[in-house]
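Visitor: The structure's right below; bear with me while I get my questions together.
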Amino acid sequence: MRHPIIVVFLALFLMACQAVGAERGALFRVTGHGHTLHLYGTIHAGRAGFYPLESRIGQAMAAAPALALEIDPSAYTPAMTATLSRYAVFAPGSPGIAALAPERRSRIEAALRRHGIAREDIAGLKPWMLVTMLAQREAAALGYVAEYGVDVHLARLAHEGRERRGRPLRVVELETWEYQLALFDRLTDEQQWRLLEETLAEMASGRQRQDTRALFDAYERADQEGLEAIARRIDSDDSIGGAYLRQVVLHERNEPMADKIASLLAREDKAVVAVGLLHLIGKHSLPELLRKRGIKVERIY
């Protein structure tokens with residue numbers, strides 16, 4: 001006779017085994033120049049349940065001489081604060097939101113208040129920075145925070161592993177903090193205000209949260225079909241935010257990143273490259289760009 005308590009225990013045990021080390025994101029094996037590296041699609045916010053990462057990532061990190069990230073999130077310095085202010089805050093004397101027509105300004109301020117951002121909290125922030133804050137709040141409302149971002153976790157593993165193993169484990173930055181901020185600040189002031197208005201409208205309709213949830217769900221399940229659906233939506237989105245994401249945040253950055261990954265592959269064996277998941281999907285993705293450079297790319301999941 002089967003005891004119910006044993007059945008419940010086994011069920012919980014199996015659920016725990018499935019939760020620990022689940023496949024998440026996307027993982028590729030990249031081969032060329034007699035070397036191999038792992039290319040992993042991360043997400044910049046997360047939750048405690050993401051960890052530990054599945055064993056193939058852990059094994060790859062243990063064997064890696066280098067971890068390449070977009071930027072090292074653990075390397076923040078006071079100089080970076082000044083750089084952020086230069087790109088994310090209106091110059092002294094600029095009217096900022098006060099330059100807008102009164103009705104438009106009131107509408108934006110009212111929408112921001114509904115999301116917990118008062119006028120005094122804006123403090124001259126440029127609209128693109130407000131959009132970033134709103135995106136972080138949407139993710140946090142779904143339980144995903146920057147503290148548990150996968151790139152943050154991998155950087156921590158790299159720095160801790162370097163000390164523990166007693167041998168070099170370099171963290172290589174594919175981009176710089178200033179380069180990323182300059183990209184966000186490229187839009188004109190009017191384009192940024194329109195982007196903010198688009199974002200607020202998307203949040204009011206629930207579409208922003210729906211899209212955020214879809215991305216995190218696809219990451220958590222390593223859902224290739226779901227990721228390709230997201231790539232198709234990005235390709236067909238002609239809003240200001242959609243065109244900017246597609247043309248600047250993804251396509252423009254992917255070409256130099258592909259060059260740097262190819263160069264790393266030529267120099268190093270068994271490196272790990274971890275970049276935002278959206279860089280690994282679609283027709284202009286890093287895997288496709290690497291293949292065009294004659295490099296073999298195999299999808300693991």
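Ligands are numbered from 1 in the order shown, residues from 1 within each chain, and chains are lettered A, B, ... in the order they appear in the structure tokens.
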Hey, could you make a per-residue contact list for range 50-137 of chain A against range 230-254 of chain A with 12 Å as the cut-off, showing the nearest pair of atoms and its distance in Å to one decimal, counting only C-alpha atoms, sorted by chain and number, as JSON lines?

Guide:
```
{"residue": "A:Glu70", "atom": "CA", "partner": "A:Arg253", "partner_atom": "CA", "distance": 10.1}
{"residue": "A:Trp128", "atom": "CA", "partner": "A:Gly241", "partner_atom": "CA", "distance": 10.0}
{"residue": "A:Val131", "atom": "CA", "partner": "A:Gly241", "partner_atom": "CA", "distance": 9.9}
{"residue": "A:Thr132", "atom": "CA", "partner": "A:Gly241", "partner_atom": "CA", "distance": 11.7}
```

Visitor: Set the distance at 9 Å and use only C-alpha atoms: which residues neighbour range 211-220 of chain A once local chain neighbours fewer than 6 positions away are removed? I'd like the list as JSON, numbers by chain.

Guide: {"A": [22, 23, 24, 25, 26, 41, 42, 43, 46, 50, 135, 138, 139, 142, 144, 226, 227, 230, 277]}

Visitor: Write out as a PyMOL selection string each polymer residue whose atoms come within 12 Å of range 189-199 of chain A, counting only C-alpha atoms; drop sequence neighbours fewer than 6 positions from it.

Guide: chain A and resi 88-90+94-101+104-112+115+125-135+138+205-209+211+238-245

Visitor: For Ala274 in chain A, list every protein, DNA or RNA residue within 12 Å, evaluated using only C-alpha atoms, and leave out those in the same chain fewer than 3 positions away; present the list as a PyMOL selection string.

Guide: chain A and resi 25-28+37-44+57+60-61+66-72+149-155+158+171-174+257+261+271+277-280+286

Visitor: What is the CA of Pro52 in chain A to CA of Ala140 in chain A distance in Å?

Guide: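 CA of Ala140 in chain A lies at a distance of 20.5 Å from CA of Pro52 in chain A.
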
Visitor: When you count only C-alpha atoms, which of these residues is closest to His159 in chain A: A:Arg137, A:Pro65, A:Gln210, A:Ala229?

Guide: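 Between A:Arg137, A:Pro65, A:Gln210, A:Ala229, the residue approaching His159 in chain A most closely is A:Pro65.
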
Visitor: Give me, please, the distance in Å between CA of Trp177 in chain A and CA of Arg29 in chain A, quoted to one decimal.

Guide: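 So the two atoms, CA of Trp177 in chain A and CA of Arg29 in chain A, lie 27.4 Å apart.
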
Visitor: Write out as a list in words the set of residues from range 28-80 of chain A that DSSP, computed on the backbone, places in strand (DSSP E or B).

Guide: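 Here are the strand (DSSP E or B) residues of range 28-80 of chain A: Phe28, Arg29, Val30, Thr31, Gly32, His35, Thr36, Leu37, His38, Leu39, Tyr40, Gly41, Thr42, Gly46, Ala66, Leu67, Ala68 and Leu69 of chain A.
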
Visitor: Nearest to Ala45 in chain A among A:Ala204, A:Ile300, A:Ala141, A:Ala262, with distances taken over only C-alpha atoms: which residue is it?

Guide: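 Using only C-alpha atoms, the shortest distance to Ala45 in chain A belongs to A:Ala141.
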
Visitor: CA of Met203 in chain A to CA of Asp121 in chain A: how many Å, to one decimal?

Guide: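 Going from CA of Met203 in chain A over to CA of Asp121 in chain A covers 19.4 Å.
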